[in-house]
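Participant: What follows is the file work.pdb, containing PDB, C-alpha atoms and all ligand atoms:
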ATOM      1  CA  MET A 246      56.789  91.724 241.213
ATOM      2  CA  PRO A 247      57.275  88.294 242.840
ATOM      3  CA  TYR A 248      55.231  85.420 241.490
ATOM      4  CA  ILE A 249      52.598  84.336 244.018
ATOM      5  CA  CYS A 250      50.689  81.149 243.320
ATOM      6  CA  GLU A 251      47.001  82.004 243.212
ATOM      7  CA  LYS A 252      45.983  78.825 245.064
ATOM      8  CA  LYS A 253      48.393  79.567 247.897
ATOM      9  CA  ALA A 254      47.543  83.251 248.124
ATOM     10  CA  MET A 255      43.806  82.679 248.382
ATOM     11  CA  ILE A 256      43.815  80.245 251.279
ATOM     12  CA  GLN A 257      42.364  81.379 254.581
ATOM     13  CA  TYR A 258      42.447  79.583 257.902
ATOM     14  CA  SER A 259      39.777  79.258 260.526
ATOM     15  CA  THR A 260      38.254  77.020 263.182
ATOM     16  CA  PRO A 261      35.285  74.893 262.118
ATOM     17  CA  SER A 262      31.727  74.973 263.421
ATOM     18  CA  LEU A 263      29.280  72.086 263.503
ATOM     19  CA  LYS A 264      27.704  73.158 260.243
ATOM     20  CA  ASP A 265      31.058  72.399 258.553
ATOM     21  CA  ALA A 266      31.126  68.810 259.839
ATOM     22  CA  LYS A 267      29.547  67.169 256.779
ATOM     23  CA  GLU A 268      31.851  68.968 254.322
ATOM     24  CA  ILE A 269      34.924  68.031 256.384
ATOM     25  CA  TYR A 270      33.731  64.445 256.616
ATOM     26  CA  LEU A 271      33.269  64.260 252.824
ATOM     27  CA  LEU A 272      36.697  65.787 252.203
ATOM     28  CA  GLY A 273      38.231  63.171 254.500
ATOM     29  CA  THR A 274      36.432  60.311 252.727
ATOM     30  CA  CYS A 275      37.954  61.526 249.442
ATOM     31  CA  GLU A 276      41.472  62.088 250.734
ATOM     32  CA  PHE A 277      42.194  59.327 253.260
ATOM     33  CA  ASN A 278      43.489  56.265 251.489
ATOM     34  CA  TRP A 279      44.733  53.949 254.210
ATOM     35  CA  ILE A 280      42.419  51.162 255.394
ATOM     36  CA  TYR A 281      42.432  52.243 259.058
ATOM     37  CA  GLU A 282      41.433  55.762 258.111
ATOM     38  CA  LYS A 283      38.668  54.535 255.849
ATOM     39  CA  ILE A 284      37.207  52.437 258.672
ATOM     40  CA  ALA A 285      37.650  54.922 261.518
ATOM     41  CA  TRP A 286      36.681  58.118 259.736
ATOM     42  CA  GLU A 287      33.018  58.869 260.430
ATOM     43  CA  LEU A 288      30.793  61.929 260.603
ATOM     44  CA  SER A 289      30.363  61.337 264.337
ATOM     45  CA  VAL A 290      34.162  61.559 264.742
ATOM     46  CA  VAL A 291      34.219  64.963 263.055
ATOM     47  CA  GLU A 292      31.326  66.146 265.209
ATOM     48  CA  TRP A 293      33.049  64.916 268.397
ATOM     49  CA  TYR A 294      36.179  66.935 267.619
ATOM     50  CA  ILE A 295      34.209  70.078 266.832
ATOM     51  CA  LYS A 296      31.882  69.754 269.833
ATOM     52  CA  TYR A 297      34.534  69.018 272.448
ATOM     53  CA  HIS A 298      37.896  70.132 271.054
ATOM     54  CA  ARG A 299      37.060  72.900 268.624
ATOM     55  CA  SER A 300      39.907  75.145 269.695
ATOM     56  CA  TYR A 301      42.377  72.494 268.504
ATOM     57  CA  CYS A 302      40.696  72.059 265.117
ATOM     58  CA  PHE A 303      41.631  74.107 262.069
ATOM     59  CA  ILE A 304      40.393  74.306 258.501
ATOM     60  CA  ALA A 305      41.829  75.783 255.315
ATOM     61  CA  LEU A 306      39.360  77.571 253.072
ATOM     62  CA  LYS A 307      39.414  78.559 249.428
ATOM     63  CA  GLY A 308      36.474  80.951 249.288
ATOM     64  CA  ASP A 309      33.611  79.050 250.907
ATOM     65  CA  SER A 310      35.094  75.618 250.258
ATOM     66  CA  ILE A 311      37.052  73.657 252.830
ATOM     67  CA  VAL A 312      40.239  72.362 251.177
ATOM     68  CA  GLY A 313      42.072  71.085 254.237
ATOM     69  CA  PHE A 314      41.717  70.328 257.913
ATOM     70  CA  HIS A 315      43.742  69.319 260.913
ATOM     71  CA  PHE A 316      41.925  68.038 264.000
ATOM     72  CA  SER A 317      43.629  67.473 267.337
ATOM     73  CA  PHE A 318      42.539  67.221 270.937
ATOM     74  CA  VAL A 319      43.818  67.567 274.486
ATOM     75  CA  GLU A 320      43.123  65.174 277.319
ATOM     76  CA  ASP A 321      44.661  65.327 280.822
ATOM     77  CA  ASP A 322      47.041  68.055 279.644
ATOM     78  CA  ILE A 323      48.437  65.885 276.854
ATOM     79  CA  GLY A 324      48.068  66.939 273.238
ATOM     80  CA  TYR A 325      47.090  64.410 270.584
ATOM     81  CA  MET A 326      47.520  65.234 266.943
ATOM     82  CA  GLY A 327      44.621  63.710 265.061
ATOM     83  CA  TRP A 328      43.402  63.811 261.507
ATOM     84  CA  VAL A 329      44.974  65.846 258.741
ATOM     85  CA  ALA A 330      44.086  65.970 255.065
ATOM     86  CA  VAL A 331      44.355  68.396 252.180
ATOM     87  CA  ASN A 332      42.402  68.290 248.920
ATOM     88  CA  LYS A 333      44.650  66.796 246.181
ATOM     89  CA  GLU A 334      44.307  69.940 244.076
ATOM     90  CA  TYR A 335      45.793  72.002 246.889
ATOM     91  CA  ARG A 336      48.612  69.789 248.085
ATOM     92  CA  ARG A 337      52.239  70.909 248.244
ATOM     93  CA  TYR A 338      51.208  74.518 248.925
ATOM     94  CA  ASN A 339      52.225  74.374 252.587
ATOM     95  CA  ILE A 340      48.641  74.082 253.821
ATOM     96  CA  ALA A 341      49.326  71.131 256.144
ATOM     97  CA  ASN A 342      52.353  72.982 257.515
ATOM     98  CA  GLN A 343      50.218  76.058 258.241
ATOM     99  CA  LEU A 344      47.553  73.932 259.929
ATOM    100  CA  LEU A 345      50.202  72.191 262.042
ATOM    101  CA  ASP A 346      51.712  75.568 263.004
ATOM    102  CA  MET A 347      48.318  76.733 264.258
ATOM    103  CA  THR A 348      47.744  73.511 266.196
ATOM    104  CA  LEU A 349      51.140  73.635 267.911
ATOM    105  CA  GLU A 350      50.761  77.351 268.623
ATOM    106  CA  LYS A 351      47.390  76.731 270.272
ATOM    107  CA  MET A 352      48.804  73.884 272.348
ATOM    108  CA  ARG A 353      51.828  75.980 273.294
ATOM    109  CA  SER A 354      49.481  78.685 274.600
ATOM    110  CA  ASN A 355      48.262  76.190 277.225
ATOM    111  CA  LYS A 356      51.212  76.056 279.617
ATOM    112  CA  ASN A 357      50.001  72.765 281.122
ATOM    113  CA  ILE A 358      50.554  70.897 277.868
ATOM    114  CA  LEU A 359      54.134  69.682 277.590
ATOM    115  CA  ASN A 360      53.923  67.033 274.887
ATOM    116  CA  VAL A 361      51.984  66.335 271.727
ATOM    117  CA  TYR A 362      51.636  62.738 270.542
ATOM    118  CA  ALA A 363      50.914  61.592 267.011
ATOM    119  CA  HIS A 364      49.904  58.156 265.800
ATOM    120  CA  VAL A 365      51.237  57.689 262.286
ATOM    121  CA  ARG A 366      51.919  55.057 259.650
ATOM    122  CA  ASN A 367      55.410  53.751 259.184
ATOM    123  CA  ASP A 368      55.292  54.018 255.405
ATOM    124  CA  ASN A 369      54.255  57.501 254.763
ATOM    125  CA  ILE A 370      55.443  60.994 253.903
ATOM    126  CA  VAL A 371      53.789  62.101 257.121
ATOM    127  CA  ASN A 372      56.509  60.435 259.255
ATOM    128  CA  SER A 373      59.359  62.261 257.576
ATOM    129  CA  TRP A 374      57.408  65.495 257.524
ATOM    130  CA  LEU A 375      56.748  65.322 261.273
ATOM    131  CA  LYS A 376      60.396  64.464 261.912
ATOM    132  CA  ARG A 377      61.444  67.583 260.046
ATOM    133  CA  ARG A 378      58.981  69.453 262.251
ATOM    134  CA  GLY A 379      60.633  68.172 265.439
ATOM    135  CA  PHE A 380      58.611  65.044 266.275
ATOM    136  CA  VAL A 381      60.599  61.978 267.361
ATOM    137  CA  ASP A 382      59.758  58.259 267.172
ATOM    138  CA  ILE A 383      58.826  56.815 270.541
ATOM    139  CA  ASN A 384      58.396  53.146 269.698
ATOM    140  CA  GLN A 385      60.226  50.624 267.551
ATOM    141  CA  GLN A 386      57.381  50.234 265.098
ATOM    142  CA  LYS A 387      57.720  53.974 264.435
ATOM    143  CA  VAL A 388      53.999  54.534 264.637
ATOM    144  CA  GLU A 389      53.980  56.712 267.744
ATOM    145  CA  MET A 390      55.689  60.085 267.652
ATOM    146  CA  LYS A 391      56.162  62.774 270.238
ATOM    147  CA  TYR A 392      56.706  66.508 270.036
ATOM    148  CA  THR A 393      57.947  68.427 273.064
ATOM    149  CA  LEU A 394      56.446  71.877 273.341
ATOM    150  CA  LYS A 395      58.938  74.540 274.281
ATOM    151  CA  GLU A 396      58.764  78.263 274.585
ATOM    152  CA  LYS A 397      59.613  79.801 271.229
TER     153      LYS A 397
HETATM  154  C1  LIG B   1      49.842  64.606 254.178
HETATM  155  C2  LIG B   1      49.104  65.817 253.610
HETATM  156  C3  LIG B   1      48.101  66.292 254.648
HETATM  157  C4  LIG B   1      50.122  66.935 253.329
HETATM  158  O1  LIG B   1      49.391  68.096 252.941
HETATM  159  P1  LIG B   1      50.078  69.280 252.117
HETATM  160  O2  LIG B   1      49.269  70.514 252.323
HETATM  161  O3  LIG B   1      50.319  68.853 250.732
HETATM  162  O4  LIG B   1      51.469  69.410 252.880
HETATM  163  P2  LIG B   1      52.476  70.658 252.841
HETATM  164  O5  LIG B   1      52.515  71.256 251.483
HETATM  165  O6  LIG B   1      52.208  71.562 253.983
HETATM  166  O7  LIG B   1      53.833  69.885 253.098
HETATM  167  C5  LIG B   1      54.101  69.301 254.353
HETATM  168  C6  LIG B   1      55.418  68.585 254.249
HETATM  169  O8  LIG B   1      55.236  67.318 253.600
HETATM  170  C7  LIG B   1      56.052  67.227 252.444
HETATM  171  N1  LIG B   1      55.253  66.572 251.431
HETATM  172  C8  LIG B   1      53.944  66.815 251.156
HETATM  173  N2  LIG B   1      53.534  66.006 250.179
HETATM  174  C9  LIG B   1      54.616  65.229 249.856
HETATM  175  C10 LIG B   1      54.829  64.189 248.907
HETATM  176  N3  LIG B   1      53.841  63.782 248.090
HETATM  177  N4  LIG B   1      56.035  63.621 248.855
HETATM  178  C11 LIG B   1      57.040  64.012 249.678
HETATM  179  N5  LIG B   1      56.893  65.007 250.598
HETATM  180  C12 LIG B   1      55.697  65.602 250.667
HETATM  181  C13 LIG B   1      56.397  68.654 252.076
HETATM  182  O9  LIG B   1      57.632  68.740 251.413
HETATM  183  C14 LIG B   1      56.448  69.322 253.429
HETATM  184  O10 LIG B   1      57.678  69.105 254.069
HETATM  185  P3  LIG B   1      58.657  70.352 254.398
HETATM  186  O11 LIG B   1      57.805  71.359 255.135
HETATM  187  O12 LIG B   1      59.725  69.785 255.239
HETATM  188  O13 LIG B   1      59.096  70.848 253.070
HETATM  189  C15 LIG B   1      48.392  65.458 252.274
HETATM  190  O14 LIG B   1      49.309  64.829 251.411
HETATM  191  C16 LIG B   1      47.178  64.554 252.444
HETATM  192  O15 LIG B   1      46.066  65.040 252.642
HETATM  193  N6  LIG B   1      47.364  63.215 252.339
HETATM  194  C17 LIG B   1      46.251  62.256 252.459
HETATM  195  C18 LIG B   1      45.701  62.179 253.868
HETATM  196  C19 LIG B   1      46.748  61.650 254.837
HETATM  197  O16 LIG B   1      47.544  60.775 254.513
HETATM  198  N7  LIG B   1      46.713  62.186 256.064
HETATM  199  C20 LIG B   1      47.626  61.760 257.127
HETATM  200  C21 LIG B   1      47.057  60.709 257.995
HETATM  201  S1  LIG B   1      45.792  61.299 259.096
END
Rewrite the structure from the file as structure tokens, please.

Facilitator:
Amino acid sequence: MPYICEKKAMIQYSTPSLKDAKEIYLLGTCEFNWIYEKIAWELSVVEWYIKYHRSYCFIALKGDSIVGFHFSFVEDDIGYMGWVAVNKEYRRYNIANQLLDMTLEKMRSNKNILNVYAHVRNDNIVNSWLKRRGFVDINQQKVEMKYTLKEK
């Protein structure tokens, strides 16, 4: 029988509701470590995403606990990849990849959205991860990235 990691096998994915906002906010405060994130990350930000862009927000659950999230939004038919974080205990189990898959799938289902933009840091594993996922740098500082949605 193949070995299946228990942590990986037990993860479920869903969209958040407003009652999850506080838990997501607290998870973000624990997991974000860059100064910009610490300043910009607020409960009102989480609530804004869930209220107005819920269909582009995804959470990873272990039982009743939220262990990861990925929040994005769409404005004027352009996709913007927003906040992503996974609880340290659950990292490297492909959770962020799964959350990104769901986000891109949802955006792809809206035929008006052609591109997804991401604002990133130039010193982070996230840049190389997104490059492997098909995002390309769009400015010299390498802090803006773009993904072109295509039919699969
Ligand atoms: C970035 C983060 C969300 C990744 O979550 P994760 O669930 O561990 O990621 P996954 O297991 O799905 O891996 C995603 C990719 O990143 C790579 N990766 C993840 N952690 C890595 C690390 N510490 N070093 C190198 N690569 C890493 C994986 O190899 C994978 O790439 P691949 O699919 O090409 O193999 C997580 O590390 C995190 O929460 N960091 C703190 C918050 C943050 O920096 N958020 C981004 C700014 S909003």

Participant: Find, counting only C-alpha atoms, the residue in A:Lys351, A:Asn342, A:Tyr335, A:Ile358 that gets nearest to Leu375 (chain A).

Facilitator: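 Ranking A:Lys351, A:Asn342, A:Tyr335, A:Ile358 by distance to Leu375 (chain A), first place goes to A:Asn342.
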
Participant: Got a sec: who's within 9 Å of region 359-361 of chain A, counting all atoms listed in the file, leaving out chain neighbours fewer than 5 positions off, as a list in words?

Facilitator: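 Once the nearby chain positions are removed, what remains is Val319, Asp322, Ile323, Gly324, Tyr325, Met326, Leu349, Met352, Arg353, Phe380, Met390, Lys391, Tyr392, Thr393, Leu394 and Lys395 of chain A.
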
Participant: Counting only C-alpha atoms and all ligand atoms, what are the residues of chain A within 7 Å of ligand LIG 1 (chain B), and for each of them which pair of atoms is the nearest and at what distance in Å, to one decimal? Sort the table by chain and rising number, as JSON lines.

Facilitator:
{"residue": "A:Glu276", "atom": "CA", "partner": "B:LIG1", "partner_atom": "C17", "distance": 5.1}
{"residue": "A:Phe277", "atom": "CA", "partner": "B:LIG1", "partner_atom": "C18", "distance": 4.6}
{"residue": "A:Asn278", "atom": "CA", "partner": "B:LIG1", "partner_atom": "C17", "distance": 6.7}
{"residue": "A:Gly327", "atom": "CA", "partner": "B:LIG1", "partner_atom": "S1", "distance": 6.5}
{"residue": "A:Trp328", "atom": "CA", "partner": "B:LIG1", "partner_atom": "S1", "distance": 4.2}
{"residue": "A:Val329", "atom": "CA", "partner": "B:LIG1", "partner_atom": "S1", "distance": 4.6}
{"residue": "A:Ala330", "atom": "CA", "partner": "B:LIG1", "partner_atom": "O15", "distance": 3.3}
{"residue": "A:Val331", "atom": "CA", "partner": "B:LIG1", "partner_atom": "O15", "distance": 3.8}
{"residue": "A:Asn332", "atom": "CA", "partner": "B:LIG1", "partner_atom": "O15", "distance": 6.2}
{"residue": "A:Lys333", "atom": "CA", "partner": "B:LIG1", "partner_atom": "O15", "distance": 6.8}
{"residue": "A:Tyr335", "atom": "CA", "partner": "B:LIG1", "partner_atom": "O2", "distance": 6.6}
{"residue": "A:Arg336", "atom": "CA", "partner": "B:LIG1", "partner_atom": "O3", "distance": 3.3}
{"residue": "A:Arg337", "atom": "CA", "partner": "B:LIG1", "partner_atom": "O5", "distance": 3.3}
{"residue": "A:Tyr338", "atom": "CA", "partner": "B:LIG1", "partner_atom": "O5", "distance": 4.3}
{"residue": "A:Asn339", "atom": "CA", "partner": "B:LIG1", "partner_atom": "O6", "distance": 3.1}
{"residue": "A:Ile340", "atom": "CA", "partner": "B:LIG1", "partner_atom": "O2", "distance": 3.9}
{"residue": "A:Ala341", "atom": "CA", "partner": "B:LIG1", "partner_atom": "O6", "distance": 3.6}
{"residue": "A:Asn342", "atom": "CA", "partner": "B:LIG1", "partner_atom": "O6", "distance": 3.8}
{"residue": "A:Gln343", "atom": "CA", "partner": "B:LIG1", "partner_atom": "O6", "distance": 6.5}
{"residue": "A:Val365", "atom": "CA", "partner": "B:LIG1", "partner_atom": "C21", "distance": 6.7}
{"residue": "A:Ile370", "atom": "CA", "partner": "B:LIG1", "partner_atom": "N5", "distance": 5.4}
{"residue": "A:Val371", "atom": "CA", "partner": "B:LIG1", "partner_atom": "C1", "distance": 5.5}
{"residue": "A:Trp374", "atom": "CA", "partner": "B:LIG1", "partner_atom": "O8", "distance": 4.8}
{"residue": "A:Arg377", "atom": "CA", "partner": "B:LIG1", "partner_atom": "O12", "distance": 5.6}

Participant: Tell me which protein, DNA and RNA residues are within 12 Å of Ser289 (chain A), counting only C-alpha atoms, leaving out same-chain ones fewer than 4 positions away, and put them as a ChimeraX atom specification.

Facilitator: /A:263,266-267,269-270,285,293-297

Participant: Suppose we keep C-alpha atoms; can you now write the selection as a PDB file, keeping the file's coordinate frame?

Facilitator:
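Output contents, as saved in again06.pdb:
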ATOM      1  CA  LEU A 263      29.280  72.086 263.503  1.00  0.00           C
ATOM      2  CA  ALA A 266      31.126  68.810 259.839  1.00  0.00           C
ATOM      3  CA  LYS A 267      29.547  67.169 256.779  1.00  0.00           C
ATOM      4  CA  ILE A 269      34.924  68.031 256.384  1.00  0.00           C
ATOM      5  CA  TYR A 270      33.731  64.445 256.616  1.00  0.00           C
ATOM      6  CA  ALA A 285      37.650  54.922 261.518  1.00  0.00           C
ATOM      7  CA  TRP A 293      33.049  64.916 268.397  1.00  0.00           C
ATOM      8  CA  TYR A 294      36.179  66.935 267.619  1.00  0.00           C
ATOM      9  CA  ILE A 295      34.209  70.078 266.832  1.00  0.00           C
ATOM     10  CA  LYS A 296      31.882  69.754 269.833  1.00  0.00           C
ATOM     11  CA  TYR A 297      34.534  69.018 272.448  1.00  0.00           C
TER      12      TYR A 297
END

Participant: Calculated over all atoms listed in the file, which of the candidates A:His315, A:His298, A:Lys387, A:Lys264 has the smallest distance to Arg366 (chain A)?

Facilitator: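 Closest candidate: A:Lys387.
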
Participant: One decimal, in Å: what's the spacing between CA of Phe318 (chain A) and CA of Ile256 (chain A)?

Facilitator: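 It comes out at 23.6 Å.
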
Participant: As an exercise, work out the distance from CA of Ile383 (chain A) to CA of Gly273 (chain A) in Å and give it to one decimal place.

Facilitator: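 Pair CA of Ile383 (chain A) / CA of Gly273 (chain A) returns 26.9 Å.
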
Participant: Build an axis-aligned box that encloses every atom of region 378-382 of chain A listed in the file, pad it by 3 Å on each side, and report its centre and edge lengths in Å to one decimal, as lines of an AutoDock Vina configuration file.

Facilitator:
center_x = 59.6
center_y = 63.9
center_z = 264.8
size_x = 8.0
size_y = 17.2
size_z = 11.1

Participant: Please measure the separation of CA of Tyr301 (chain A) and CA of Asp346 (chain A), giving the value in Å to one decimal.

Facilitator: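 Computed distance, CA of Tyr301 (chain A) to CA of Asp346 (chain A), equals 11.3 Å.
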
Participant: Considering all atoms listed in the file, state which residue in the set A:His364, A:Gln386, A:Ser373, A:Leu344 is at the smallest distance from Glu282 (chain A).

Facilitator: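 The shortest atom-to-atom distance to Glu282 (chain A) comes from A:His364.
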
Participant: Check which residues satisfy the PyMOL selection byres (((chain A and resi 265) around 12) and not hetatm) in the file shown, then give them as a PyMOL selection string.

Facilitator: chain A and resi 259-264+266-272+288+291-292+294-296+299+302-306+309-314

Participant: Closest to Asp321 (chain A) among A:Arg378, A:Asn355, A:Asp368, A:Gln385, using only C-alpha atoms?

Facilitator: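 With only C-alpha atoms as the atom set, the closest residue is A:Asn355.
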
Participant: Which residue, A:Cys275, A:Ile284, A:Ala363, A:Met255, has the smallest gap to Val388 (chain A) when you use all atoms listed in the file?

Facilitator: A:Ala363

Participant: Find the residue from A:Tyr362, A:Leu345, A:Asp382, A:Lys307 that sits nearest to Glu251 (chain A); use all atoms listed in the file when measuring.

Facilitator: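 Between A:Tyr362, A:Leu345, A:Asp382, A:Lys307, the residue approaching Glu251 (chain A) most closely is A:Lys307.
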